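**Student:** Structure: structure30.pdb, PDB, C-alpha atoms, pLDDT in the B column.
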```
ATOM      1  CA  MET I  28      23.591 188.746-121.171  1.00 92.00           C
ATOM      2  CA  ARG I  29      22.022 190.126-118.022  1.00 94.00           C
ATOM      3  CA  LYS I  30      19.068 188.369-116.378  1.00 97.00           C
ATOM      4  CA  ILE I  31      16.197 190.102-114.592  1.00 98.00           C
ATOM      5  CA  LYS I  32      13.093 188.833-112.835  1.00 98.00           C
ATOM      6  CA  ALA I  33       9.655 190.076-113.830  1.00 98.00           C
ATOM      7  CA  LYS I  34       7.714 191.474-110.897  1.00 98.00           C
ATOM      8  CA  PRO I  35       4.012 192.164-110.410  1.00 98.00           C
ATOM      9  CA  ILE I  36       3.075 195.663-111.448  1.00 98.00           C
ATOM     10  CA  THR I  37       2.163 197.994-108.571  1.00 98.00           C
ATOM     11  CA  ARG I  38       1.535 201.728-108.306  1.00 95.00           C
ATOM     12  CA  GLU I  39       4.766 202.123-106.325  1.00 97.00           C
ATOM     13  CA  ASN I  40       7.078 200.282-108.704  1.00 98.00           C
ATOM     14  CA  PHE I  41       5.561 201.445-112.007  1.00 98.00           C
ATOM     15  CA  THR I  42       5.050 205.183-111.351  1.00 97.00           C
ATOM     16  CA  PRO I  43       8.379 206.207-113.002  1.00 97.00           C
ATOM     17  CA  TYR I  44       7.158 204.652-116.277  1.00 98.00           C
ATOM     18  CA  GLY I  45       3.458 205.532-116.378  1.00 97.00           C
ATOM     19  CA  SER I  46       0.156 204.434-114.924  1.00 96.00           C
ATOM     20  CA  PHE I  47      -2.293 201.543-115.198  1.00 97.00           C
ATOM     21  CA  TYR I  48      -5.839 200.531-114.325  1.00 97.00           C
ATOM     22  CA  SER I  49      -7.801 197.277-114.453  1.00 96.00           C
ATOM     23  CA  ILE I  50     -10.493 197.552-117.093  1.00 96.00           C
ATOM     24  CA  THR I  51     -11.973 194.148-116.228  1.00 95.00           C
ATOM     25  CA  GLU I  52     -12.015 194.697-112.440  1.00 95.00           C
ATOM     26  CA  PRO I  53     -12.592 198.452-112.088  1.00 95.00           C
ATOM     27  CA  THR I  54     -12.528 200.252-108.755  1.00 95.00           C
ATOM     28  CA  GLY I  55     -12.523 203.867-107.599  1.00 94.00           C
ATOM     29  CA  HIS I  56     -14.536 206.877-108.633  1.00 92.00           C
ATOM     30  CA  ASN I  57     -17.462 206.072-110.872  1.00 94.00           C
ATOM     31  CA  LEU I  58     -20.864 207.143-112.103  1.00 94.00           C
ATOM     32  CA  GLY I  59     -22.782 203.944-111.455  1.00 94.00           C
ATOM     33  CA  ALA I  60     -21.302 201.309-113.742  1.00 93.00           C
ATOM     34  CA  PHE I  61     -19.113 203.867-115.576  1.00 93.00           C
ATOM     35  CA  TYR I  62     -15.598 204.093-114.092  1.00 94.00           C
ATOM     36  CA  HIS I  63     -14.277 207.264-115.698  1.00 93.00           C
ATOM     37  CA  ASP I  64     -10.924 208.986-116.189  1.00 91.00           C
ATOM     38  CA  HIS I  65      -8.643 206.463-114.475  1.00 92.00           C
ATOM     39  CA  VAL I  66      -5.949 206.432-117.183  1.00 91.00           C
ATOM     40  CA  LEU I  67      -5.261 209.785-118.800  1.00 87.00           C
ATOM     41  CA  PHE I  68      -3.683 209.997-122.256  1.00 85.00           C
ATOM     42  CA  PRO I  69      -2.830 213.643-123.023  1.00 79.00           C
ATOM     43  CA  VAL I  70      -2.925 214.701-126.669  1.00 77.00           C
ATOM     44  CA  SER I  71      -2.404 218.006-128.437  1.00 71.00           C
ATOM     45  CA  GLY I  72      -3.434 219.517-131.740  1.00 74.00           C
ATOM     46  CA  HIS I  73      -5.725 217.678-134.104  1.00 78.00           C
ATOM     47  CA  MET I  74      -3.922 214.327-134.196  1.00 81.00           C
ATOM     48  CA  PRO I  75      -6.478 211.521-133.892  1.00 89.00           C
ATOM     49  CA  ILE I  76      -5.815 208.693-131.486  1.00 92.00           C
ATOM     50  CA  ALA I  77      -5.630 205.282-133.184  1.00 93.00           C
ATOM     51  CA  PHE I  78      -6.561 201.937-131.652  1.00 95.00           C
ATOM     52  CA  SER I  79      -4.442 199.171-133.186  1.00 96.00           C
ATOM     53  CA  ALA I  80      -4.233 195.421-132.684  1.00 96.00           C
ATOM     54  CA  LEU I  81      -0.969 193.654-131.886  1.00 97.00           C
ATOM     55  CA  VAL I  82      -0.691 189.868-131.882  1.00 97.00           C
ATOM     56  CA  SER I  83       2.389 188.977-129.844  1.00 97.00           C
ATOM     57  CA  GLU I  84       3.733 185.428-129.848  1.00 98.00           C
ATOM     58  CA  LYS I  85       5.421 183.774-126.890  1.00 97.00           C
ATOM     59  CA  PRO I  86       9.126 183.257-127.543  1.00 96.00           C
ATOM     60  CA  GLU I  87      11.005 180.177-126.358  1.00 95.00           C
ATOM     61  CA  LYS I  88      12.991 182.484-124.045  1.00 96.00           C
ATOM     62  CA  MET I  89      12.023 186.025-123.110  1.00 97.00           C
ATOM     63  CA  VAL I  90      15.085 187.917-124.298  1.00 98.00           C
ATOM     64  CA  VAL I  91      15.060 191.674-124.830  1.00 98.00           C
ATOM     65  CA  THR I  92      17.105 192.277-127.974  1.00 98.00           C
ATOM     66  CA  ALA I  93      15.774 195.758-128.779  1.00 98.00           C
ATOM     67  CA  ALA I  94      13.716 198.641-127.438  1.00 98.00           C
ATOM     68  CA  GLU I  95      11.837 201.627-128.804  1.00 98.00           C
ATOM     69  CA  TYR I  96      10.536 204.952-127.565  1.00 97.00           C
ATOM     70  CA  HIS I  97       8.290 207.777-128.765  1.00 96.00           C
ATOM     71  CA  ASN I  98       9.548 211.305-128.199  1.00 94.00           C
ATOM     72  CA  THR I  99       6.217 213.121-128.516  1.00 92.00           C
ATOM     73  CA  THR I 100       3.570 210.815-127.085  1.00 94.00           C
ATOM     74  CA  ALA I 101       2.602 208.318-124.454  1.00 95.00           C
ATOM     75  CA  GLU I 102       1.495 204.801-125.485  1.00 96.00           C
ATOM     76  CA  GLY I 103      -1.436 202.732-124.280  1.00 97.00           C
ATOM     77  CA  VAL I 104      -1.078 198.952-123.931  1.00 98.00           C
ATOM     78  CA  LEU I 105      -4.065 196.707-123.057  1.00 98.00           C
ATOM     79  CA  PRO I 106      -3.492 192.918-123.021  1.00 98.00           C
ATOM     80  CA  ILE I 107      -6.834 191.315-123.863  1.00 98.00           C
ATOM     81  CA  ASP I 108      -6.570 187.546-123.442  1.00 97.00           C
ATOM     82  CA  ASP I 109      -3.447 186.734-121.410  1.00 98.00           C
ATOM     83  CA  ASP I 110      -1.231 188.203-118.724  1.00 98.00           C
ATOM     84  CA  VAL I 111       1.917 189.719-120.229  1.00 98.00           C
ATOM     85  CA  ILE I 112       5.464 190.725-119.446  1.00 98.00           C
ATOM     86  CA  LEU I 113       6.168 194.359-120.277  1.00 98.00           C
ATOM     87  CA  HIS I 114       9.770 195.540-120.158  1.00 98.00           C
ATOM     88  CA  VAL I 115      10.568 199.228-119.711  1.00 98.00           C
ATOM     89  CA  ALA I 116      13.493 201.536-119.074  1.00 98.00           C
ATOM     90  CA  PRO I 117      13.412 205.226-118.131  1.00 98.00           C
ATOM     91  CA  PRO I 118      13.426 207.974-120.752  1.00 97.00           C
ATOM     92  CA  SER I 119      16.915 209.040-121.797  1.00 95.00           C
ATOM     93  CA  ASN I 120      18.804 210.482-124.754  1.00 89.00           C
ATOM     94  CA  LYS I 121      20.503 207.120-125.382  1.00 95.00           C
ATOM     95  CA  PRO I 122      19.576 203.464-124.795  1.00 96.00           C
ATOM     96  CA  VAL I 123      19.777 202.356-121.157  1.00 97.00           C
ATOM     97  CA  PRO I 124      19.370 198.569-121.260  1.00 98.00           C
ATOM     98  CA  GLU I 125      21.110 198.301-117.870  1.00 97.00           C
ATOM     99  CA  LEU I 126      18.102 200.092-116.319  1.00 98.00           C
ATOM    100  CA  THR I 127      15.497 197.761-117.837  1.00 98.00           C
ATOM    101  CA  GLU I 128      12.805 196.391-115.538  1.00 98.00           C
ATOM    102  CA  ALA I 129      10.124 193.818-116.359  1.00 98.00           C
ATOM    103  CA  PHE I 130       6.565 193.846-115.035  1.00 98.00           C
ATOM    104  CA  ILE I 131       3.796 191.276-114.976  1.00 98.00           C
ATOM    105  CA  VAL I 132       0.653 192.971-116.286  1.00 98.00           C
ATOM    106  CA  PRO I 133      -2.640 191.101-115.769  1.00 98.00           C
ATOM    107  CA  LYS I 134      -4.897 190.740-118.800  1.00 98.00           C
ATOM    108  CA  GLY I 135      -7.512 193.451-118.938  1.00 98.00           C
ATOM    109  CA  THR I 136      -5.164 196.052-117.409  1.00 98.00           C
ATOM    110  CA  MET I 137      -4.676 199.263-119.392  1.00 98.00           C
ATOM    111  CA  VAL I 138      -1.105 200.553-119.115  1.00 98.00           C
ATOM    112  CA  LYS I 139      -0.129 204.065-120.153  1.00 98.00           C
ATOM    113  CA  LEU I 140       3.605 204.369-120.838  1.00 98.00           C
ATOM    114  CA  ASN I 141       4.945 207.880-120.357  1.00 97.00           C
ATOM    115  CA  THR I 142       6.534 209.742-123.249  1.00 96.00           C
ATOM    116  CA  GLY I 143      10.106 208.598-123.846  1.00 97.00           C
ATOM    117  CA  VAL I 144       9.909 205.323-121.890  1.00 98.00           C
ATOM    118  CA  TRP I 145      11.933 202.581-123.608  1.00 98.00           C
ATOM    119  CA  HIS I 146       9.823 199.458-124.274  1.00 98.00           C
ATOM    120  CA  LEU I 147       8.874 196.911-126.915  1.00 97.00           C
ATOM    121  CA  ALA I 148       6.012 194.476-127.458  1.00 95.00           C
ATOM    122  CA  ALA I 149       4.304 192.872-124.486  1.00 97.00           C
ATOM    123  CA  LEU I 150       4.991 189.116-124.288  1.00 98.00           C
ATOM    124  CA  PRO I 151       2.358 186.505-123.321  1.00 98.00           C
ATOM    125  CA  ILE I 152       2.946 184.532-120.146  1.00 98.00           C
ATOM    126  CA  HIS I 153       0.549 181.564-120.372  1.00 98.00           C
ATOM    127  CA  GLN I 154      -0.651 181.277-123.974  1.00 98.00           C
ATOM    128  CA  ASP I 155       1.181 180.914-127.274  1.00 98.00           C
ATOM    129  CA  LYS I 156      -0.016 184.362-128.338  1.00 98.00           C
ATOM    130  CA  VAL I 157      -1.751 187.374-126.846  1.00 98.00           C
ATOM    131  CA  HIS I 158      -3.925 190.042-128.442  1.00 97.00           C
ATOM    132  CA  VAL I 159      -2.982 193.536-127.294  1.00 98.00           C
ATOM    133  CA  LEU I 160      -4.773 196.820-127.943  1.00 97.00           C
ATOM    134  CA  ILE I 161      -2.206 199.532-128.688  1.00 97.00           C
ATOM    135  CA  VAL I 162      -3.225 203.189-128.351  1.00 96.00           C
ATOM    136  CA  LEU I 163      -1.063 205.778-130.145  1.00 95.00           C
ATOM    137  CA  PRO I 164      -1.639 208.898-132.187  1.00 93.00           C
ATOM    138  CA  GLU I 165      -2.307 208.036-135.812  1.00 92.00           C
ATOM    139  CA  ARG I 166       0.841 206.914-137.731  1.00 91.00           C
ATOM    140  CA  ILE I 167       3.189 207.771-134.845  1.00 91.00           C
ATOM    141  CA  TYR I 168       4.979 204.444-135.482  1.00 90.00           C
ATOM    142  CA  PHE I 169       6.178 205.985-138.801  1.00 92.00           C
ATOM    143  CA  ASN I 170       7.090 209.502-137.716  1.00 91.00           C
ATOM    144  CA  ASP I 171       8.086 209.206-134.039  1.00 94.00           C
ATOM    145  CA  CYS I 172       9.430 205.771-133.232  1.00 96.00           C
ATOM    146  CA  THR I 173      13.087 205.207-132.459  1.00 96.00           C
ATOM    147  CA  VAL I 174      14.058 201.519-132.346  1.00 97.00           C
ATOM    148  CA  VAL I 175      17.476 200.412-131.106  1.00 98.00           C
ATOM    149  CA  GLU I 176      18.849 196.881-131.448  1.00 98.00           C
ATOM    150  CA  TYR I 177      20.961 195.894-128.455  1.00 98.00           C
ATOM    151  CA  ALA I 178      24.441 194.426-128.750  1.00 97.00           C
ATOM    152  CA  PRO I 179      24.571 190.832-127.448  1.00 97.00           C
ATOM    153  CA  GLU I 180      26.206 191.940-124.185  1.00 97.00           C
ATOM    154  CA  ASP I 181      23.332 194.427-123.574  1.00 97.00           C
ATOM    155  CA  GLN I 182      20.533 191.944-124.166  1.00 98.00           C
ATOM    156  CA  ILE I 183      18.413 190.923-121.183  1.00 98.00           C
ATOM    157  CA  GLU I 184      16.752 187.622-120.389  1.00 98.00           C
ATOM    158  CA  ILE I 185      13.532 187.925-118.394  1.00 98.00           C
ATOM    159  CA  ALA I 186      12.556 185.217-115.919  1.00 97.00           C
ATOM    160  CA  LEU I 187       9.220 184.815-114.197  1.00 94.00           C
TER     161      LEU I 187
END
```
Please express the file's structure as structure tokens.
**Tutor:**
Amino acid sequence: MRKIKAKPITRENFTPYGSFYSITEPTGHNLGAFYHDHVLFPVSGHMPIAFSALVSEKPEKMVVTAAEYHNTTAEGVLPIDDDVILHVAPPSNKPVPELTEAFIVPKGTMVKLNTGVWHLAALPIHQDKVHVLIVLPERIYFNDCTVVEYAPEDQIEIAL
């Protein structure tokens, strides 16, 4: 099992995977108190965007045993009540666990994962569980979600 260290998310280190913006401490262009268009989530056709709740529990050890990707859409991830670890790997036509990186995402930060980025559920850092808003096109988890379980030698333990 490989071990990696989670690092704070920055524009420089996260750009290959997507973008992010603090919803609870907004900065940048605004119309008064309205900070607009800082995270873009492109959609096509008439597919509605769905806002779903995820309750993620803190494991005893943060071990990545699987990853998923969506081939036709980005994904929005917004941790509400705790900082989280988010693991990602670049888009590819096969699993690339050896390229996995882990990022510390502060609560209240909206993350947009690019189409094809390997990932799985965000994991709470401080609390026993975290509530996460997930943004995906309606029912995409049924018709465009490839999940791969990693062999034991490909699993990754994340340290803070």
**Student:** Enter the distance from atom CA of Tyr48 of chain I to atom CA of Val91 of chain I, in Å, rounded to one decimal.
**Tutor:**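 Answer for the atom CA of Tyr48 of chain I to atom CA of Val91 of chain I separation: 25.0 Å.
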**Student:** For a quick check of understanding, using only C-alpha atoms, which of I:Pro179, I:Glu95, I:Ile167, I:Val159 has the smallest distance to Met137 of chain I?
**Tutor:**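 Smallest distance to Met137 of chain I is found for I:Val159.
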**Student:** Written as an MDAnalysis selection string, which residues does the PyMOL selection byres ((chain I and resi 114) around 10) give for the file shown?
**Tutor:** chainID I and resid 33 91 94 111:113 115:116 127:131 144:150 183 185
**Student:** Take the residues that were just selected and, keeping C-alpha atoms, output them as a compact mmCIF listing (two decimals), in the frame of the given file.
**Tutor:**
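The result, stored in selection-v3.txt:
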```
# COMPACT_ATOMS: atom_id res chain seq x y z
CA ALA I 33 9.65 190.08 -113.83
CA VAL I 91 15.06 191.67 -124.83
CA ALA I 94 13.72 198.64 -127.44
CA VAL I 111 1.92 189.72 -120.23
CA ILE I 112 5.46 190.72 -119.45
CA LEU I 113 6.17 194.36 -120.28
CA VAL I 115 10.57 199.23 -119.71
CA ALA I 116 13.49 201.54 -119.07
CA THR I 127 15.50 197.76 -117.84
CA GLU I 128 12.80 196.39 -115.54
CA ALA I 129 10.12 193.82 -116.36
CA PHE I 130 6.56 193.85 -115.04
CA ILE I 131 3.80 191.28 -114.98
CA VAL I 144 9.91 205.32 -121.89
CA TRP I 145 11.93 202.58 -123.61
CA HIS I 146 9.82 199.46 -124.27
CA LEU I 147 8.87 196.91 -126.92
CA ALA I 148 6.01 194.48 -127.46
CA ALA I 149 4.30 192.87 -124.49
CA LEU I 150 4.99 189.12 -124.29
CA ILE I 183 18.41 190.92 -121.18
CA ILE I 185 13.53 187.92 -118.39
```
**Student:** Given the file shown, enumerate the residues that the PyMOL selection byres ((chain I and resi 60-73) around 12) captures and present them as a ChimeraX atom specification.
**Tutor:** /I:45-59,74-77,99-105,136-142,162-165
**Student:** I'd like the interatomic distance between atom CA of Ile107 of chain I and atom CA of Ile31 of chain I, to a tenth of an Å.
**Tutor:**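 Interatomic distance here is 24.9 Å.
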**Student:** Which residues fall under the PyMOL selection byres ((chain I and resi 151) around 12) in this file, as an NGL selection string?
**Tutor:** :I and (81-89 or 106-113 or 130-134 or 148-150 or 152-159 or 187)
**Student:** Those residues with C-alpha atoms, as a short mmCIF file (atom, residue, chain, number, x, y, z; two decimals), in the frame of the given file please?
**Tutor:**
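Listed below is the output, result07.cif:
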```
data_model
loop_
_atom_site.label_atom_id
_atom_site.label_comp_id
_atom_site.auth_asym_id
_atom_site.auth_seq_id
_atom_site.Cartn_x
_atom_site.Cartn_y
_atom_site.Cartn_z
CA LEU I 81 -0.97 193.65 -131.89
CA VAL I 82 -0.69 189.87 -131.88
CA SER I 83 2.39 188.98 -129.84
CA GLU I 84 3.73 185.43 -129.85
CA LYS I 85 5.42 183.77 -126.89
CA PRO I 86 9.13 183.26 -127.54
CA GLU I 87 11.00 180.18 -126.36
CA LYS I 88 12.99 182.48 -124.04
CA MET I 89 12.02 186.02 -123.11
CA PRO I 106 -3.49 192.92 -123.02
CA ILE I 107 -6.83 191.32 -123.86
CA ASP I 108 -6.57 187.55 -123.44
CA ASP I 109 -3.45 186.73 -121.41
CA ASP I 110 -1.23 188.20 -118.72
CA VAL I 111 1.92 189.72 -120.23
CA ILE I 112 5.46 190.72 -119.45
CA LEU I 113 6.17 194.36 -120.28
CA PHE I 130 6.56 193.85 -115.04
CA ILE I 131 3.80 191.28 -114.98
CA VAL I 132 0.65 192.97 -116.29
CA PRO I 133 -2.64 191.10 -115.77
CA LYS I 134 -4.90 190.74 -118.80
CA ALA I 148 6.01 194.48 -127.46
CA ALA I 149 4.30 192.87 -124.49
CA LEU I 150 4.99 189.12 -124.29
CA ILE I 152 2.95 184.53 -120.15
CA HIS I 153 0.55 181.56 -120.37
CA GLN I 154 -0.65 181.28 -123.97
CA ASP I 155 1.18 180.91 -127.27
CA LYS I 156 -0.02 184.36 -128.34
CA VAL I 157 -1.75 187.37 -126.85
CA HIS I 158 -3.92 190.04 -128.44
CA VAL I 159 -2.98 193.54 -127.29
CA LEU I 187 9.22 184.82 -114.20
#
```
**Student:** Here is a test: counting only C-alpha atoms, which residue of I:Ala80, I:Ile161, I:Thr173, I:Val90 is nearest to Ser119 of chain I?
**Tutor:**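 Looking at the shortest contact to Ser119 of chain I, the residue is I:Thr173.
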**Student:** Find, counting only C-alpha atoms, the residue in I:Ala186, I:Leu160, I:Cys172, I:Val123 that gets nearest to Tyr96 of chain I.
**Tutor:**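 Of the candidates, the smallest distance to Tyr96 of chain I is held by I:Cys172.
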**Student:** Pick the closest to Val174 of chain I from I:Ser79, I:Thr37, I:Thr42, I:His97: which is it, counting only C-alpha atoms?
**Tutor:**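 Of all the options, I:His97 lies closest to Val174 of chain I.
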**Student:** Quick one, how far is atom CA of Ala178 of chain I from atom CA of Pro118 of chain I?
**Tutor:** 19.2 Å
